[in-house]
Amino acid sequence: MTTALEPALSVRQVLTLDRVLAGEPEVVAGAGQLDRPVRWVHVAEAPDVGVMLTGGEMVLTTGVLLAGDEEAQAEYIRSLHRAEAAAVVLGLGRAFPTPPDVMRRAADRCGLPMVVLHRPFPFAELTEEVQSRLVRRKFAAVSLSESVRTALTGLITAGAPLQRLLDEIAHHAGCPLVVTNLAHRVLATAGERPAVDDVLRDWERISRQAGGTEGDGWIRAELGGRGERWGRIVLCGYRGDTATGRLLADRAAEALVLHRMLGGTAHSWEEQSAQSLLTDLVSGVVPARQLLPRARAAGLPVNRRTFVPLVVRDIDPAPLDRVLRMLGLSGLVAELAEGATAVLLSLARDQDAQALTAHFATRLRSESGARLTVVAAAEPRITFEEVPAGLREAQHVADAVAQSATGLDLPAVVRLRDVHLRGLIRLLRDDPHVQAFAERELDGLLCGDRHAEQDLLPVLRTYLATGRNKSHTAQLHHVSRPALYRRLEAIEARLGVDLDDFEQAASVHIALLAHDAQQG
């Protein structure tokens with residue numbers, strides 16, 4: 001349900017009022033301009049009435065001071081035009097028994113609606129009717145403005161996220177809204193999803209075409225503070241009158257600036273936009289084709305491109321954008337979960353995806369100083385519809401590597417083929433048979449014994465991951481060789497296995513990988 005007001009009274013609507021119809025109105029000039037809004041109604045007989053107007057008035061006159069002077073009649077119309085009057089209404093009578101041709105022709109040339117009333121009509125009744133309607137509308141507009149301001153201030157005080165504020169604004173506006181930076185890149189949207197997608201489908205073109213006007217319900221308000229602009233909010237296709245829409249946009253802009261100043265989120269709006277898009281892609285809840293307009297509006301090149309999905313672990317996301325800019329690469333960056341950041345590269349078809357990905361990973365480690373950073377990549381995708389599967393593959397590889405033992409030797413960019421058995425086990429971790437196998441094989445260490453889980457399980461994990469190297473395992477756990485032997489004997493006794501037997505050790509190793517993947 002929208003609270004947007006109906007359009008303001010236009011000249012056409014005023015002419016349909018019962019009190020006006022009683023005067024038998026006839027439009028004799030400017031019929032194409034009848035949708036002009038009427039800001040006020042003014043009764044005036046002075047020939048120089050134009051100097052007393054501020055624009056948008058419907059002027060009512062009998063023309064008594066203009067009769068017999070054609071030059072004065074023409075100048076009267078021209079002065080109304082210069083003052084941007086909405087229309088002129090002439091009551092026929094003793095001064096003008098019929099519509100004056102001079103005034104009619106002048107009004108036609110100026111495009112000023114001219115209406116004559118064929119029956120005597122008390123102007124006071126018209127002014128009273130129109131003024132009361134306009135006053136009620138002004139009060140309703142102010143009331144709406146304060147209602148919106150109160151609602152948004154309450155949300156900000158309660159610590160609501162940006163999207164909640166935008167949803168509230170869209171509810172009041174009854175149309176899609178878009179928040180952009182100064183380069184027209186979309187940072188956030190709100191409104192009915194199909195309507196938003198229609199707006200975003202060709203956002204770059206229509207946003208720039210509508211950039212200088214407020215026609216067709218496109219109403220903008222600038223975002224910024226302390227003399228610096230950093231974005232704008234756009235109501236797209238607002239159906240109410242422009243003045244009310246502008247009021248809504250201004251209230252929305254005030255709230256968004258305040259929200260940003262108060263630090264309503266730990267991430268910038270650009271990061272939130274990318275995070276929302278990449279999260280939706282990974283989840284697969286929304287088909288990739290439906291997300292294409294959002295990706296394009298967010299500034300990601302999508303036409304005839306090669307997409308490389310990456311997931312980077314254990315690094316501050318801040319350097320990622322910086323490295324992309326340094327290398328001149330197009331992409332989106334967003335933190336998917338704690339310690340895991342997704343990067344979606346968009347490359348030209350003639351670029352070497354493998355080489356650029358490796359270069360990106362090398363430069364990232366150099367810039368961040370994090371030599372052990374994991375950069376997991378899926379194979380390049382040539383259609384946007386394949387991106388969700390690619391992001392999930394990269395996430396799977398990164399998670400598999402994250403559970404690898406210390407010292408695991410990995411390439412600069414880790415792919416599915418590099419995680420071997422560990423990767424396979426992660427893919428199968430939710431299978432009930434695999435879960436039952438892990439519980440059965442490790443039952444002796446997972447029986448609720450705190451000592452076994454804290455001391456013996458980590459030793460077993462390291463021993464198997466190092467290829468059953470006792471010296472290396474002892475060093476990593478800072479224990480003597482005899483102490484390690486005692487722990488290995490305790491493990492074998494609890495599990496009922498011989499770890500020197502390759503097949504039994506492999507079975508326990510697979511079970512442990514499955515257990516770790518399930519705990520993941």
# chains A, B, ... in the order shown; residues from 1 in each chain; ligands from 1
call {"tool": "residues_around", "arguments": {"residues": "Val49 of chain A", "least_positions_apart": "2", "cutoff": "10 Å", "atoms": "only C-alpha atoms", "output": "list in words"}}
result
His42, Val43, Ala44, Glu45, Ala46, Pro47, Val51, Met52, Leu53, Val59, Tyr76, Ile77, Ser79, Leu80 and Ala83 of chain A
call {"tool": "write_last_selection", "arguments": {"atoms": "C-alpha atoms", "output": "CSV table (one decimal), in the first residue's frame"}}
result
chain,number,residue,atom,x,y,z
A,42,HIS,CA,-5.6,34.6,-8.2
A,43,VAL,CA,-8.3,37.1,-9.0
A,44,ALA,CA,-6.9,40.2,-10.7
A,45,GLU,CA,-8.1,42.9,-13.0
A,46,ALA,CA,-4.8,45.0,-13.1
A,47,PRO,CA,-3.3,45.1,-16.6
A,51,VAL,CA,4.5,41.4,-11.9
A,52,MET,CA,2.5,40.2,-8.9
A,53,LEU,CA,2.8,36.5,-9.8
A,59,VAL,CA,-5.6,33.9,-13.0
A,76,TYR,CA,-1.6,41.1,-20.7
A,77,ILE,CA,-1.3,37.5,-22.1
A,79,SER,CA,3.0,39.1,-19.1
A,80,LEU,CA,1.2,36.1,-17.7
A,83,ALA,CA,5.3,35.0,-15.1
call {"tool": "select_by_dssp", "arguments": {"residues": "segment 103-348 of chain A", "states": "alpha helix (DSSP H)", "output": "number ranges by chain"}}
result
A: 103-110, 123-157, 162-173, 193-200, 203-209, 242-261, 269-283, 288-297, 318-327
call {"tool": "residues_around", "arguments": {"residues": "segment 317-333 of chain A", "least_positions_apart": "6", "cutoff": "6 Å", "atoms": "only C-alpha atoms", "output": "ChimeraX atom specification"}}
result
/A:342-346
call {"tool": "residues_around", "arguments": {"residues": "Val179 of chain A", "least_positions_apart": "5", "cutoff": "7 Å", "atoms": "only C-alpha atoms", "output": "list in words"}}
result
Val186, Leu187, Ala188, Thr189, Arg232, Ile233 and Val234 of chain A
call {"tool": "residues_around", "arguments": {"residues": "Leu262 of chain A", "least_positions_apart": "6", "cutoff": "10 Å", "atoms": "only C-alpha atoms", "output": "PyMOL selection string"}}
result
chain A and resi 156-157+159+256
call {"tool": "write_last_selection", "arguments": {"atoms": "N, CA, C and O atoms", "output": "short mmCIF file (atom, residue, chain, number, x, y, z; two decimals), in the first residue's frame"}}
result
data_model
loop_
_atom_site.label_atom_id
_atom_site.label_comp_id
_atom_site.auth_asym_id
_atom_site.auth_seq_id
_atom_site.Cartn_x
_atom_site.Cartn_y
_atom_site.Cartn_z
N ILE A 156 16.76 4.30 12.09
CA ILE A 156 18.18 4.60 12.29
C ILE A 156 18.55 4.47 13.76
O ILE A 156 19.58 3.88 14.12
N THR A 157 17.69 5.00 14.63
CA THR A 157 17.94 4.93 16.08
C THR A 157 18.01 3.48 16.55
O THR A 157 18.79 3.13 17.44
N GLY A 159 19.15 1.10 14.88
CA GLY A 159 20.28 0.41 14.25
C GLY A 159 19.91 -0.43 13.06
O GLY A 159 20.60 -1.41 12.75
N LEU A 256 19.51 8.76 4.70
CA LEU A 256 20.65 7.97 4.23
C LEU A 256 21.97 8.61 4.62
O LEU A 256 22.93 7.92 4.99
#
call {"tool": "residues_around", "arguments": {"residues": "Ala490 of chain A", "least_positions_apart": "5", "cutoff": "10 Å", "atoms": "only C-alpha atoms", "output": "ChimeraX atom specification"}}
result
/A:445,452,456,484-485,495-496
call {"tool": "closest_residue", "arguments": {"among": "A:Ala389, A:Ala87, A:Leu512, A:Leu34", "to": "Arg440 of chain A", "atoms": "only C-alpha atoms"}}
result
A:Leu512
call {"tool": "atom_distance", "arguments": {"atom1": "atom CA of Glu128 of chain A", "atom2": "atom CA of Arg36 of chain A"}}
result
19.8 Å
call {"tool": "closest_residue", "arguments": {"among": "A:Val413, A:Leu281, A:Ala249, A:Leu162", "to": "Val311 of chain A", "atoms": "only C-alpha atoms"}}
result
A:Val413
